[in-house]
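Here's the structure, in structure tokens; my notes come after.
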2 protein chains.
Amino acid sequence: MTERPPLDAEALALFYRGYIDCLNRQAWGELGDFVHEEVERNGRRLGLSGYRGMLVRDYATIPDLRFEIALLVCEPPMVAARLDFSCHPRAGFLGLDAGGRRVSFSENVFYAVRDCRIASVWSILDKAAIEAQLSAGG
Amino acid sequence: MTERPPLDAEALALFYRGYIDCLNRQAWGELGDFVHEEVERNGRRLGLSGYRGMLVRDYATIPDLRFEIALLVCEPPMVAARLDFSCHPRAGFLGLDAGGRRVSFSENVFYAVRDCRIASVWSILDKAAIEAQLSAGG
């Protein structure tokens, strides 16, 4: 297998924006252009097919899911992003009963890029922010 | 007021490690070397004194609090860090009843650095990971 040269910060940012666009278009056939075959997330090896399955389930739980980049920090081979969401999750999302109400929350997430693909992901969703909105009866 | 030149990525990383060392030493007299007078956190203006008060309260709730840098991504003027914690929070931490049990969790956090000081912070703690450990009866 040919090793590709590592991406610089500017190319990483462009790559990452392409990845987010792929998710927003639910273009699962292109996901392998962005995500490594051996990808792991939060310490668990999912592989590309497991990662795709996770995203498909996310859209089933949140039909109006849309990824918006609020902050983007690139230092090869790492990308860090703050993603903003405003959507209507079905009941069961994160074990909460959003039940179709609109919630706004963020995800702070790190990615290690290897062979020009996302190889490791460390993600935290702001569950406390969603709980606060639901308990306020939003 | 004299404008200082912005820090490059390497200097930002050094600056950030100094900030974390300051927190771990609870060297509150030095906090102003790292944190801007007008600092805001998660959209709320705390100011340096409010930020210091938050940290002092954190140590009161978690006497063995210790900040460990797991990931660090620097692209001026931004810093992104994943911080790992392994500690014994008192009851009430994040509205949970940790009650002195050991929990391990991470924080994914972004910082905007202005005038060589942390001026904005966007932090998410992995509350779900703590809940999972407490419900497992750890």
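Going by the structure tokens order, chains are called A, B, ..., each with residues numbered from 1, while ligands are numbered from 1 in the order shown.
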Counting only C-alpha atoms, chain A residues within 10 Å of chain B, as a PDB file with N, CA, C and O atoms, in the first residue's frame:
```pdb
ATOM      1  N   ALA A   9      -2.017  21.720   7.946  1.00  0.00           N
ATOM      2  CA  ALA A   9      -3.176  22.226   8.697  1.00  0.00           C
ATOM      3  C   ALA A   9      -4.291  22.697   7.765  1.00  0.00           C
ATOM      4  O   ALA A   9      -5.471  22.414   7.992  1.00  0.00           O
ATOM      5  N   LEU A  71     -16.330  25.542  15.867  1.00  0.00           N
ATOM      6  CA  LEU A  71     -14.894  25.805  16.048  1.00  0.00           C
ATOM      7  C   LEU A  71     -14.116  24.690  15.368  1.00  0.00           C
ATOM      8  O   LEU A  71     -14.535  23.529  15.414  1.00  0.00           O
ATOM      9  N   LEU A  72     -12.999  25.039  14.772  1.00  0.00           N
ATOM     10  CA  LEU A  72     -12.171  24.042  14.088  1.00  0.00           C
ATOM     11  C   LEU A  72     -10.702  24.378  14.361  1.00  0.00           C
ATOM     12  O   LEU A  72     -10.260  25.500  14.102  1.00  0.00           O
ATOM     13  N   VAL A  73      -9.979  23.417  14.929  1.00  0.00           N
ATOM     14  CA  VAL A  73      -8.573  23.609  15.292  1.00  0.00           C
ATOM     15  C   VAL A  73      -7.788  22.448  14.690  1.00  0.00           C
ATOM     16  O   VAL A  73      -8.067  21.287  14.988  1.00  0.00           O
ATOM     17  N   CYS A  74      -6.833  22.767  13.822  1.00  0.00           N
ATOM     18  CA  CYS A  74      -6.092  21.723  13.104  1.00  0.00           C
ATOM     19  C   CYS A  74      -4.603  21.843  13.398  1.00  0.00           C
ATOM     20  O   CYS A  74      -4.012  22.913  13.216  1.00  0.00           O
ATOM     21  N   GLU A  75      -4.030  20.759  13.854  1.00  0.00           N
ATOM     22  CA  GLU A  75      -2.578  20.653  14.008  1.00  0.00           C
ATOM     23  C   GLU A  75      -2.218  19.224  13.623  1.00  0.00           C
ATOM     24  O   GLU A  75      -2.490  18.296  14.385  1.00  0.00           O
ATOM     25  N   PRO A  76      -1.658  19.042  12.423  1.00  0.00           N
ATOM     26  CA  PRO A  76      -1.421  17.681  11.930  1.00  0.00           C
ATOM     27  C   PRO A  76      -0.697  16.819  12.971  1.00  0.00           C
ATOM     28  O   PRO A  76       0.239  17.315  13.605  1.00  0.00           O
ATOM     29  N   PRO A  77      -1.126  15.557  13.158  1.00  0.00           N
ATOM     30  CA  PRO A  77      -2.198  14.878  12.422  1.00  0.00           C
ATOM     31  C   PRO A  77      -3.554  14.961  13.107  1.00  0.00           C
ATOM     32  O   PRO A  77      -4.417  14.116  12.853  1.00  0.00           O
ATOM     33  N   MET A  78      -3.764  15.992  13.976  1.00  0.00           N
ATOM     34  CA  MET A  78      -4.990  16.062  14.779  1.00  0.00           C
ATOM     35  C   MET A  78      -5.935  17.154  14.275  1.00  0.00           C
ATOM     36  O   MET A  78      -5.494  18.208  13.812  1.00  0.00           O
ATOM     37  N   VAL A  79      -7.226  16.869  14.428  1.00  0.00           N
ATOM     38  CA  VAL A  79      -8.280  17.861  14.203  1.00  0.00           C
ATOM     39  C   VAL A  79      -9.128  17.900  15.467  1.00  0.00           C
ATOM     40  O   VAL A  79      -9.437  16.847  16.044  1.00  0.00           O
ATOM     41  N   ALA A  80      -9.491  19.095  15.907  1.00  0.00           N
ATOM     42  CA  ALA A  80     -10.445  19.242  17.008  1.00  0.00           C
ATOM     43  C   ALA A  80     -11.570  20.137  16.516  1.00  0.00           C
ATOM     44  O   ALA A  80     -11.314  21.148  15.856  1.00  0.00           O
ATOM     45  N   ALA A  81     -12.803  19.735  16.798  1.00  0.00           N
ATOM     46  CA  ALA A  81     -13.940  20.528  16.333  1.00  0.00           C
ATOM     47  C   ALA A  81     -14.991  20.629  17.425  1.00  0.00           C
ATOM     48  O   ALA A  81     -15.200  19.690  18.204  1.00  0.00           O
ATOM     49  N   ARG A  82     -15.624  21.794  17.479  1.00  0.00           N
ATOM     50  CA  ARG A  82     -16.851  21.942  18.258  1.00  0.00           C
ATOM     51  C   ARG A  82     -17.986  22.001  17.254  1.00  0.00           C
ATOM     52  O   ARG A  82     -17.988  22.855  16.348  1.00  0.00           O
ATOM     53  N   LEU A  94     -29.674   9.369  23.799  1.00  0.00           N
ATOM     54  CA  LEU A  94     -28.832   9.472  25.003  1.00  0.00           C
ATOM     55  C   LEU A  94     -29.565   8.995  26.254  1.00  0.00           C
ATOM     56  O   LEU A  94     -29.230   9.410  27.366  1.00  0.00           O
ATOM     57  N   GLY A  95     -30.571   8.148  26.064  1.00  0.00           N
ATOM     58  CA  GLY A  95     -31.328   7.668  27.215  1.00  0.00           C
ATOM     59  C   GLY A  95     -32.277   8.708  27.778  1.00  0.00           C
ATOM     60  O   GLY A  95     -32.810   8.553  28.881  1.00  0.00           O
ATOM     61  N   SER A 106     -24.018  20.954  21.903  1.00  0.00           N
ATOM     62  CA  SER A 106     -22.746  20.896  21.190  1.00  0.00           C
ATOM     63  C   SER A 106     -22.059  19.563  21.444  1.00  0.00           C
ATOM     64  O   SER A 106     -22.382  18.844  22.391  1.00  0.00           O
ATOM     65  N   GLU A 107     -21.110  19.278  20.558  1.00  0.00           N
ATOM     66  CA  GLU A 107     -20.214  18.127  20.709  1.00  0.00           C
ATOM     67  C   GLU A 107     -18.796  18.671  20.569  1.00  0.00           C
ATOM     68  O   GLU A 107     -18.522  19.408  19.616  1.00  0.00           O
ATOM     69  N   ASN A 108     -17.929  18.346  21.512  1.00  0.00           N
ATOM     70  CA  ASN A 108     -16.498  18.674  21.377  1.00  0.00           C
ATOM     71  C   ASN A 108     -15.786  17.374  21.024  1.00  0.00           C
ATOM     72  O   ASN A 108     -15.866  16.401  21.784  1.00  0.00           O
ATOM     73  N   VAL A 109     -15.081  17.361  19.894  1.00  0.00           N
ATOM     74  CA  VAL A 109     -14.591  16.078  19.382  1.00  0.00           C
ATOM     75  C   VAL A 109     -13.191  16.230  18.779  1.00  0.00           C
ATOM     76  O   VAL A 109     -12.887  17.232  18.123  1.00  0.00           O
ATOM     77  N   PHE A 110     -12.351  15.238  19.048  1.00  0.00           N
ATOM     78  CA  PHE A 110     -10.998  15.177  18.509  1.00  0.00           C
ATOM     79  C   PHE A 110     -10.905  14.015  17.525  1.00  0.00           C
ATOM     80  O   PHE A 110     -11.550  12.987  17.720  1.00  0.00           O
ATOM     81  N   TRP A 122     -12.404  10.920  19.548  1.00  0.00           N
ATOM     82  CA  TRP A 122     -12.686  11.059  20.977  1.00  0.00           C
ATOM     83  C   TRP A 122     -13.777  12.135  21.100  1.00  0.00           C
ATOM     84  O   TRP A 122     -13.482  13.320  20.948  1.00  0.00           O
ATOM     85  N   SER A 123     -14.995  11.712  21.359  1.00  0.00           N
ATOM     86  CA  SER A 123     -16.145  12.617  21.295  1.00  0.00           C
ATOM     87  C   SER A 123     -16.824  12.747  22.648  1.00  0.00           C
ATOM     88  O   SER A 123     -16.973  11.755  23.372  1.00  0.00           O
ATOM     89  N   ILE A 124     -17.233  13.964  22.977  1.00  0.00           N
ATOM     90  CA  ILE A 124     -18.121  14.158  24.132  1.00  0.00           C
ATOM     91  C   ILE A 124     -19.284  15.052  23.708  1.00  0.00           C
ATOM     92  O   ILE A 124     -19.081  16.145  23.177  1.00  0.00           O
ATOM     93  N   LEU A 125     -20.504  14.555  23.938  1.00  0.00           N
ATOM     94  CA  LEU A 125     -21.721  15.332  23.698  1.00  0.00           C
ATOM     95  C   LEU A 125     -22.121  16.035  24.986  1.00  0.00           C
ATOM     96  O   LEU A 125     -21.945  15.486  26.081  1.00  0.00           O
ATOM     97  N   ASP A 126     -22.694  17.209  24.863  1.00  0.00           N
ATOM     98  CA  ASP A 126     -23.101  17.976  26.041  1.00  0.00           C
ATOM     99  C   ASP A 126     -24.480  17.518  26.517  1.00  0.00           C
ATOM    100  O   ASP A 126     -25.483  18.208  26.348  1.00  0.00           O
ATOM    101  N   LYS A 127     -24.476  16.334  27.155  1.00  0.00           N
ATOM    102  CA  LYS A 127     -25.731  15.750  27.634  1.00  0.00           C
ATOM    103  C   LYS A 127     -26.382  16.636  28.700  1.00  0.00           C
ATOM    104  O   LYS A 127     -27.608  16.768  28.747  1.00  0.00           O
ATOM    105  N   ALA A 128     -25.563  17.263  29.554  1.00  0.00           N
ATOM    106  CA  ALA A 128     -26.106  18.114  30.622  1.00  0.00           C
ATOM    107  C   ALA A 128     -26.915  19.277  30.038  1.00  0.00           C
ATOM    108  O   ALA A 128     -27.946  19.666  30.598  1.00  0.00           O
ATOM    109  N   ALA A 129     -26.463  19.807  28.891  1.00  0.00           N
ATOM    110  CA  ALA A 129     -27.190  20.922  28.266  1.00  0.00           C
ATOM    111  C   ALA A 129     -28.565  20.455  27.788  1.00  0.00           C
ATOM    112  O   ALA A 129     -29.561  21.179  27.916  1.00  0.00           O
TER     113      ALA A 129
END
```
Would you mind writing down, as a tab-separated table (two decimals) with N, CA, C and O atoms, in the first residue's frame, each residue of stretch 46-84 of chain B that DSSP on the backbone assigns to strand (DSSP E or B)?
```tsv
chain	number	residue	atom	x	y	z
B	68	GLU	N	-4.87	16.17	33.78
B	68	GLU	CA	-3.87	15.46	32.96
B	68	GLU	C	-4.21	15.70	31.49
B	68	GLU	O	-5.33	15.41	31.06
B	69	ILE	N	-3.24	16.18	30.73
B	69	ILE	CA	-3.47	16.44	29.31
B	69	ILE	C	-3.35	15.13	28.54
B	69	ILE	O	-2.28	14.53	28.49
B	70	ALA	N	-4.46	14.69	27.92
B	70	ALA	CA	-4.42	13.47	27.10
B	70	ALA	C	-4.16	13.81	25.63
B	70	ALA	O	-3.43	13.09	24.95
B	71	LEU	N	-4.78	14.89	25.15
B	71	LEU	CA	-4.58	15.34	23.77
B	71	LEU	C	-4.46	16.86	23.79
B	71	LEU	O	-5.14	17.53	24.57
B	72	LEU	N	-3.60	17.37	22.92
B	72	LEU	CA	-3.41	18.82	22.85
B	72	LEU	C	-3.25	19.20	21.37
B	72	LEU	O	-2.40	18.65	20.68
B	73	VAL	N	-4.10	20.10	20.91
B	73	VAL	CA	-4.10	20.53	19.51
B	73	VAL	C	-4.06	22.05	19.50
B	73	VAL	O	-4.95	22.70	20.05
B	74	CYS	N	-3.01	22.61	18.90
B	74	CYS	CA	-2.82	24.06	18.93
B	74	CYS	C	-2.78	24.61	17.51
B	74	CYS	O	-1.98	24.16	16.68
B	75	GLU	N	-3.64	25.58	17.26
B	75	GLU	CA	-3.60	26.34	16.01
B	75	GLU	C	-3.95	27.78	16.38
B	75	GLU	O	-5.11	28.08	16.66
B	78	MET	N	-6.11	29.38	18.78
B	78	MET	CA	-6.95	28.41	19.48
B	78	MET	C	-6.12	27.27	20.07
B	78	MET	O	-5.13	26.84	19.48
B	79	VAL	N	-6.59	26.78	21.21
B	79	VAL	CA	-6.05	25.56	21.82
B	79	VAL	C	-7.24	24.62	22.05
B	79	VAL	O	-8.30	25.07	22.49
B	80	ALA	N	-7.06	23.34	21.75
B	80	ALA	CA	-8.06	22.33	22.10
B	80	ALA	C	-7.35	21.25	22.90
B	80	ALA	O	-6.25	20.84	22.55
B	81	ALA	N	-7.98	20.82	23.99
B	81	ALA	CA	-7.36	19.81	24.84
B	81	ALA	C	-8.40	18.79	25.28
B	81	ALA	O	-9.56	19.12	25.52
B	82	ARG	N	-7.96	17.55	25.35
B	82	ARG	CA	-8.73	16.52	26.05
B	82	ARG	C	-8.01	16.28	27.37
B	82	ARG	O	-6.82	15.94	27.38
B	83	LEU	N	-8.74	16.49	28.46
B	83	LEU	CA	-8.18	16.35	29.80
B	83	LEU	C	-8.76	15.10	30.44
B	83	LEU	O	-9.97	14.84	30.33
B	84	ASP	N	-7.90	14.32	31.09
B	84	ASP	CA	-8.35	13.11	31.78
B	84	ASP	C	-8.32	13.33	33.28
B	84	ASP	O	-7.37	13.93	33.82
```
Practice task
Pick out the residues sitting within 8 Å of A:Leu65, and hand them over as a ChimeraX atom specification; count only C-alpha atoms, and ignore anything fewer than 6 positions along from it in its own chain.
Solution key: /A:24,58-59,85-88
Take the residues just selected and output them with N, CA, C and O atoms as a PDB file, in the first residue's frame.
```pdb
ATOM      1  N   ASN A  24     -23.630  15.459   6.269  1.00  0.00           N
ATOM      2  CA  ASN A  24     -24.877  16.211   6.091  1.00  0.00           C
ATOM      3  C   ASN A  24     -25.644  15.771   4.846  1.00  0.00           C
ATOM      4  O   ASN A  24     -26.868  15.886   4.793  1.00  0.00           O
ATOM      5  N   ASP A  58     -27.920   7.266  14.070  1.00  0.00           N
ATOM      6  CA  ASP A  58     -28.074   8.652  14.540  1.00  0.00           C
ATOM      7  C   ASP A  58     -29.165   9.369  13.740  1.00  0.00           C
ATOM      8  O   ASP A  58     -30.003  10.079  14.304  1.00  0.00           O
ATOM      9  N   TYR A  59     -29.149   9.180  12.421  1.00  0.00           N
ATOM     10  CA  TYR A  59     -30.166   9.833  11.582  1.00  0.00           C
ATOM     11  C   TYR A  59     -31.551   9.228  11.795  1.00  0.00           C
ATOM     12  O   TYR A  59     -32.564   9.914  11.630  1.00  0.00           O
ATOM     13  N   PHE A  85     -25.513  21.570  17.225  1.00  0.00           N
ATOM     14  CA  PHE A  85     -26.713  20.883  16.729  1.00  0.00           C
ATOM     15  C   PHE A  85     -27.953  21.604  17.233  1.00  0.00           C
ATOM     16  O   PHE A  85     -27.995  22.074  18.372  1.00  0.00           O
ATOM     17  N   SER A  86     -28.954  21.674  16.398  1.00  0.00           N
ATOM     18  CA  SER A  86     -30.271  22.153  16.800  1.00  0.00           C
ATOM     19  C   SER A  86     -31.242  21.251  16.051  1.00  0.00           C
ATOM     20  O   SER A  86     -31.340  21.316  14.829  1.00  0.00           O
ATOM     21  N   CYS A  87     -31.938  20.385  16.787  1.00  0.00           N
ATOM     22  CA  CYS A  87     -32.676  19.304  16.115  1.00  0.00           C
ATOM     23  C   CYS A  87     -33.768  18.754  17.032  1.00  0.00           C
ATOM     24  O   CYS A  87     -33.942  19.211  18.157  1.00  0.00           O
ATOM     25  N   HIS A  88     -34.508  17.784  16.519  1.00  0.00           N
ATOM     26  CA  HIS A  88     -35.654  17.202  17.231  1.00  0.00           C
ATOM     27  C   HIS A  88     -35.423  15.699  17.424  1.00  0.00           C
ATOM     28  O   HIS A  88     -35.955  14.903  16.627  1.00  0.00           O
TER      29      HIS A  88
END
```
Handout entry: helix (DSSP H, G or I) per DSSP on the backbone: members of stretch 18-136 of chain B, as a PyMOL selection string
Key = chain B and resi 18-24+28-33+47-61+93-95+127-135
Any idea what's packed within 12 Å of A:Arg4, counting only C-alpha atoms, ignoring anything in its chain fewer than 5 positions away? Could you give it as a short mmCIF file (atom, residue, chain, number, x, y, z; two decimals) with N, CA, C and O atoms, in the first residue's frame?
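Contents of out_23.cif, freshly written:
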```
data_model
loop_
_atom_site.label_atom_id
_atom_site.label_comp_id
_atom_site.auth_asym_id
_atom_site.auth_seq_id
_atom_site.Cartn_x
_atom_site.Cartn_y
_atom_site.Cartn_z
N VAL A 113 -5.89 11.75 12.33
CA VAL A 113 -5.97 11.43 10.91
C VAL A 113 -4.71 10.64 10.53
O VAL A 113 -3.59 11.07 10.81
N ARG A 114 -4.93 9.47 9.93
CA ARG A 114 -3.82 8.60 9.50
C ARG A 114 -4.10 8.16 8.08
O ARG A 114 -5.26 7.85 7.76
N ASP A 115 -3.09 8.15 7.22
CA ASP A 115 -3.29 7.79 5.81
C ASP A 115 -4.44 8.61 5.21
O ASP A 115 -5.27 8.07 4.44
N CYS A 116 -4.50 9.90 5.55
CA CYS A 116 -5.55 10.80 5.02
C CYS A 116 -6.96 10.31 5.33
O CYS A 116 -7.90 10.58 4.55
N ARG A 117 -7.13 9.60 6.45
CA ARG A 117 -8.45 9.15 6.89
C ARG A 117 -8.57 9.34 8.40
O ARG A 117 -7.57 9.22 9.12
#
```
Exercise for the section: Please indicate the distance in Å from atom CA of B:Val39 to atom CA of B:Ser120, rounded to one decimal place. Expected result: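 One can read the atom CA of B:Val39 to atom CA of B:Ser120 distance as 5.6 Å.
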Completion exercise
What separates atom CA of A:Ala60 and atom CA of A:Gly99 is a distance of 13.4 Å
Handout entry: A:Leu96, A:Val121, A:Ala132, A:Ala13 ranked by distance to A:Asn42, top pick (using only C-alpha atoms)
Key = A:Val121
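In this comparison, which uses only C-alpha atoms, the residue of B:Ile130, B:Ile62, B:Ala119, B:Leu46 approaching B:Phe34 most closely is B:Ala119.
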Handout entry: Exercise: B:Tyr51 partners within 9 Å, only C-alpha atoms, chain neighbours under 6 positions left out, as a PyMOL selection string
Key = chain B and resi 35+39-41
Practice task
Please indicate the distance in Å from atom CA of A:Tyr111 to atom CA of A:Leu12, rounded to one decimal place.
Solution key: 10.7 Å
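Between A:Asp64 and the residues A:Gly32, A:Gly18, A:Pro89, A:Pro6, the shortest atom-to-atom distance, using only C-alpha atoms, involves A:Pro89.
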